[in-house]
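Input: a single structure, listed below in structure tokens.
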Amino acid sequence: MTPIKLPKKIIIAGPCAVENKEQVLESMKQCKQLQIDFIRLSLWKPRTKPGFEGVGEAGIEYVVEAAQQGLNPGVEPMLIEHAQQVADAFLKVKNNTKLLLWIGARNQNHYIQRGIAAVAAKDPRIFLMVKNQIWHNEKHWEGIVEHVLDSGLPKERLMLCHRGFAPTADNNPKGYRNVPDYDMAMRMKEKTGLPMLFDPSHTGGSVEKVFDIALEANQHEFDGYIIEVHPNPKVAMSDATQQLTWGEYRKLTQQMYNKRVQIAKEHKVV
Ligand code: PEP
Ligand code: MN
């Protein structure tokens with residue numbers, strides 16, 4: 001039988017936020033074993049209500065450590081100066097690792113978006129990902145893409161991510177944390193010609209729903225996934241209900257792969 005060859009997906013995985021050394025080292029070990037494309041190492045956290053806001057600048061040493069170990073770190077800077085600090089430290093590691101910066105759904109100030117993009121634009125080892133904003137509006141998401149490209153970032157180093165939109169009273173029968181609009185995500189992918197990832201963690205909101213929505217999204221043409229995984233989600237300092245264990249991550253990605261094989265067979269593309 002001809003082996004099935006499916007297009008490779010870009011995977012960003014790791015904890016919602018960096019918390020401590022032990023958690024980061026275990027995440028790095030797992031990401032290496034699983035050949036994860038980018039390890040989530042977020043240091044600053046946008047929070048709906050006051051709470052843990054991330055370890056901040058003190059965690060930059062882990063971004064450096066990941067790069068020294070040959071992993072590609074991914075960080076969400078909240079401010080332009082965060083992006084600059086991370087980029088400066090990362091670029092001192094002279095190897096071929098890549099740094100991913102992303103603009104999150106709550107960071108909707110175009111001065112900051114343009115500034116972060118300008119930091120990313122300065123070096124070919126830095127990539128940027130733009131998530132959709134919280135509210136359901138295609139023009140706004142397009143606008144963020146235009147702002148970051150207009151700041152000099154080459155298209156080749158930009159990707160997008162759909163993380164769902166804030167639910168309304170009557171559009172969320174499945175009780176997701178954020179409601180996906182797959183048609184819009186696919187239109188944005190088509191219109192911009194950029195890779196489109198999907199975030200089942202911030203869409204799902206609980207482990208069970210992360211599985212459901214990842215398998216649902218898997219039936220669309222997403223180019224990759226960003227998934228929150230914590231060595232011990234029970235003690236996570238943010239988004240504890242939605243973070244998978246590494247065992248659950250393995251189970252989910254295997255199920256997603258099996259489903260894609262099944263779909264490919266049904267469409268006789270193999
Ligand atoms: C995140 O990815 O850590 C995050 C806060 O998600 P979002 O910006 O989609 O809310
Ligand atoms: Mn999170």
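The way I read the labels, and the way they are meant: chains A, B, ... in the order of the structure tokens, residue 1 as the first residue of every chain, and ligand 1 as the first ligand shown, with later ones counted on from there.
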
So which residues are near ligand 1, meaning at most 10 Å away with only C-alpha atoms and all ligand atoms counted, given back as a ChimeraX atom specification?
/A:15-17,40-48,75-76,102-107,130-134,161-166,178,198-203,226-228,238-239

Only C-alpha atoms, please: the residues just picked out, written as a PDB file, in the first residue's frame.
ATOM      1  CA  PRO A  15       2.167  26.299  28.586  1.00  0.00           C
ATOM      2  CA  CYS A  16      -0.207  29.264  28.553  1.00  0.00           C
ATOM      3  CA  ALA A  17       2.451  31.143  30.517  1.00  0.00           C
ATOM      4  CA  ARG A  40       5.082  28.653  23.757  1.00  0.00           C
ATOM      5  CA  LEU A  41       7.039  30.682  26.312  1.00  0.00           C
ATOM      6  CA  SER A  42       4.753  33.583  27.083  1.00  0.00           C
ATOM      7  CA  LEU A  43       6.115  36.006  29.647  1.00  0.00           C
ATOM      8  CA  TRP A  44       3.452  38.709  29.677  1.00  0.00           C
ATOM      9  CA  LYS A  45      -0.210  37.743  29.925  1.00  0.00           C
ATOM     10  CA  PRO A  46      -3.258  39.775  28.977  1.00  0.00           C
ATOM     11  CA  ARG A  47      -5.808  39.055  31.735  1.00  0.00           C
ATOM     12  CA  THR A  48      -9.572  39.575  31.714  1.00  0.00           C
ATOM     13  CA  VAL A  75       6.309  34.817  22.912  1.00  0.00           C
ATOM     14  CA  GLU A  76       3.370  37.239  23.001  1.00  0.00           C
ATOM     15  CA  TRP A 102       2.569  37.073  18.226  1.00  0.00           C
ATOM     16  CA  ILE A 103      -0.027  39.773  18.593  1.00  0.00           C
ATOM     17  CA  GLY A 104      -2.832  38.462  20.774  1.00  0.00           C
ATOM     18  CA  ALA A 105      -6.551  39.068  20.504  1.00  0.00           C
ATOM     19  CA  ARG A 106      -6.576  41.688  23.285  1.00  0.00           C
ATOM     20  CA  ASN A 107      -3.672  43.762  21.953  1.00  0.00           C
ATOM     21  CA  VAL A 130      -1.412  37.856  14.107  1.00  0.00           C
ATOM     22  CA  LYS A 131      -4.432  36.502  15.944  1.00  0.00           C
ATOM     23  CA  ASN A 132      -7.906  37.808  15.192  1.00  0.00           C
ATOM     24  CA  GLN A 133      -9.278  40.410  17.584  1.00  0.00           C
ATOM     25  CA  ILE A 134     -11.973  39.433  20.127  1.00  0.00           C
ATOM     26  CA  CYS A 161      -4.213  32.503  13.731  1.00  0.00           C
ATOM     27  CA  HIS A 162      -7.923  32.078  14.315  1.00  0.00           C
ATOM     28  CA  ARG A 163      -8.824  31.955  18.026  1.00  0.00           C
ATOM     29  CA  GLY A 164     -12.578  32.413  17.729  1.00  0.00           C
ATOM     30  CA  PHE A 165     -14.675  35.475  18.564  1.00  0.00           C
ATOM     31  CA  ALA A 166     -16.389  36.434  21.832  1.00  0.00           C
ATOM     32  CA  ASN A 178     -14.866  31.722  21.874  1.00  0.00           C
ATOM     33  CA  PHE A 198      -6.072  27.566  14.620  1.00  0.00           C
ATOM     34  CA  ASP A 199      -6.092  27.894  18.430  1.00  0.00           C
ATOM     35  CA  PRO A 200      -8.302  25.165  19.934  1.00  0.00           C
ATOM     36  CA  SER A 201      -7.278  26.140  23.492  1.00  0.00           C
ATOM     37  CA  HIS A 202      -8.694  29.678  23.627  1.00  0.00           C
ATOM     38  CA  THR A 203     -11.661  28.619  21.491  1.00  0.00           C
ATOM     39  CA  ILE A 226      -1.269  26.570  18.679  1.00  0.00           C
ATOM     40  CA  ILE A 227      -2.082  24.389  21.679  1.00  0.00           C
ATOM     41  CA  GLU A 228      -1.661  25.043  25.389  1.00  0.00           C
ATOM     42  CA  SER A 238      -3.587  30.884  34.108  1.00  0.00           C
ATOM     43  CA  ASP A 239      -6.043  29.028  31.861  1.00  0.00           C
TER      44      ASP A 239
END

Give me the residues near Lys139 of chain A as a ChimeraX atom specification, where near means some atom within 10 Å (using only C-alpha atoms) and where sequence neighbours in that chain fewer than 5 positions away do not count.
/A:144-145,188

Would you mind writing down, as a compact mmCIF listing (two decimals) with N, CA and C atoms, in the first residue's frame, each residue of segment 159-213 of chain A that DSSP on the backbone assigns to strand (DSSP E)?
# COMPACT_ATOMS: atom_id res chain seq x y z
N MET A 159 2.33 35.00 9.74
CA MET A 159 1.23 34.04 9.66
C MET A 159 0.06 34.52 10.53
N LEU A 160 -1.09 33.90 10.31
CA LEU A 160 -2.30 34.33 11.02
C LEU A 160 -2.80 33.19 11.90
N CYS A 161 -3.65 33.55 12.86
CA CYS A 161 -4.21 32.50 13.73
C CYS A 161 -5.64 32.85 14.10
N HIS A 162 -6.53 31.88 13.90
CA HIS A 162 -7.92 32.08 14.31
C HIS A 162 -8.12 31.52 15.72
N MET A 196 -2.66 30.03 7.83
CA MET A 196 -3.69 30.27 8.85
C MET A 196 -3.66 29.13 9.86
N LEU A 197 -3.33 29.48 11.10
CA LEU A 197 -3.33 28.47 12.16
C LEU A 197 -4.64 28.55 12.93
N PHE A 198 -4.86 27.56 13.79
CA PHE A 198 -6.07 27.57 14.62
C PHE A 198 -5.66 27.34 16.07

Taking only segment 51-183 of chain A into account, list the residues labelled helix (DSSP H, G or I) by DSSP (computed from the backbone), as a VMD selection string.
chain A and resid 56 to 68 80 to 91 110 to 121 138 to 150 155 to 157 182 to 183

Mind checking which residues fall within 9 Å of Leu71 of chain A, counting only C-alpha atoms, ignoring those fewer than 5 positions away in the same chain, and posting them as an mmCIF file with N, CA, C and O atoms, in the first residue's frame?
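Heads up, here's the output in part-v8.cif:
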data_model
loop_
_atom_site.group_PDB
_atom_site.id
_atom_site.type_symbol
_atom_site.label_atom_id
_atom_site.label_comp_id
_atom_site.auth_asym_id
_atom_site.auth_seq_id
_atom_site.Cartn_x
_atom_site.Cartn_y
_atom_site.Cartn_z
ATOM 1 N N MET A 28 10.359 22.022 27.611
ATOM 2 C CA MET A 28 11.417 21.977 26.579
ATOM 3 C C MET A 28 11.731 20.529 26.208
ATOM 4 O O MET A 28 11.896 20.201 25.039
ATOM 5 N N CYS A 31 8.921 19.218 24.049
ATOM 6 C CA CYS A 31 8.913 19.844 22.718
ATOM 7 C C CYS A 31 10.018 19.281 21.835
ATOM 8 O O CYS A 31 9.846 19.124 20.629
ATOM 9 N N LYS A 32 11.149 18.958 22.465
ATOM 10 C CA LYS A 32 12.256 18.361 21.690
ATOM 11 C C LYS A 32 11.864 16.970 21.216
ATOM 12 O O LYS A 32 11.998 16.647 20.042
ATOM 13 N N GLN A 35 9.330 17.129 18.512
ATOM 14 C CA GLN A 35 9.735 17.980 17.375
ATOM 15 C C GLN A 35 8.711 19.075 17.074
ATOM 16 O O GLN A 35 8.272 19.273 15.943
ATOM 17 N N ILE A 36 8.313 19.754 18.156
ATOM 18 C CA ILE A 36 7.371 20.871 18.058
ATOM 19 C C ILE A 36 8.067 22.034 17.331
ATOM 20 O O ILE A 36 9.229 22.321 17.598
ATOM 21 N N ASP A 37 7.368 22.709 16.433
ATOM 22 C CA ASP A 37 8.001 23.772 15.643
ATOM 23 C C ASP A 37 8.354 24.992 16.497
ATOM 24 O O ASP A 37 9.422 25.585 16.319
ATOM 25 N N PHE A 38 7.427 25.405 17.370
ATOM 26 C CA PHE A 38 7.689 26.556 18.255
ATOM 27 C C PHE A 38 7.179 26.218 19.653
ATOM 28 O O PHE A 38 6.040 25.742 19.795
ATOM 29 N N ILE A 39 7.994 26.499 20.669
ATOM 30 C CA ILE A 39 7.550 26.281 22.054
ATOM 31 C C ILE A 39 6.958 27.578 22.602
ATOM 32 O O ILE A 39 7.580 28.650 22.519
ATOM 33 N N GLU A 65 17.523 30.167 26.702
ATOM 34 C CA GLU A 65 17.844 28.753 26.958
ATOM 35 C C GLU A 65 17.225 27.846 25.891
ATOM 36 O O GLU A 65 17.863 26.944 25.360
ATOM 37 N N ALA A 66 15.965 28.122 25.538
ATOM 38 C CA ALA A 66 15.290 27.318 24.505
ATOM 39 C C ALA A 66 16.063 27.425 23.190
ATOM 40 O O ALA A 66 16.340 26.408 22.535
ATOM 41 N N THR A 97 18.030 29.100 15.002
ATOM 42 C CA THR A 97 16.678 29.047 15.558
ATOM 43 C C THR A 97 15.887 30.299 15.159
ATOM 44 O O THR A 97 16.464 31.335 14.821
ATOM 45 N N LYS A 98 14.551 30.145 15.238
ATOM 46 C CA LYS A 98 13.664 31.264 14.895
ATOM 47 C C LYS A 98 12.921 31.724 16.149
ATOM 48 O O LYS A 98 12.606 30.907 17.015
#

Can you tell me which residues surround Gln23 of chain A at a distance of at most 10 Å, considering only C-alpha atoms, apart from same-chain residues fewer than 2 positions away, and format the answer as a ChimeraX atom specification?
/A:14-15,17-21,25-28,230-232,236

Can you work out which one of A:Gly175, A:Pro195, A:Gly224, A:Pro180 has the shortest atom-to-atom distance to Glu208 of chain A, counting only C-alpha atoms?
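So, comparing all the options, the nearest one is A:Gly175.
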
Which of these residues is nearest to ligand 2, using only C-alpha atoms and all ligand atoms: A:Ala120, A:Ala13, A:Met129, A:Ile112?
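Going through A:Ala120, A:Ala13, A:Met129, A:Ile112 one by one, the smallest distance to ligand 2 is for A:Ala13.
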
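Atom to atom, atom CA of Lys29 of chain A and atom CA of Gln254 of chain A stand 19.2 Å apart.
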
Give the answer as one residue: which of A:Gln68, A:Ala240, A:Asp170, A:Ala58 has the shortest atom-to-atom distance to His82 of chain A, using only C-alpha atoms?
A:Ala58

Work out how far atom CA of Gly205 of chain A is from atom CA of Tyr176 of chain A, in Å to one decimal.
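It comes out at 6.3 Å.
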
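When atom CA of Lys92 of chain A is paired with atom CA of Ala118 of chain A, their separation reads 18.6 Å.
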
Counting only C-alpha atoms, what is within 12 Å of His220 of chain A, bar same-chain residues fewer than 6 positions away, as a PyMOL selection string?
chain A and resi 162+180-187+189+196-198+213-214+256+259-260+263
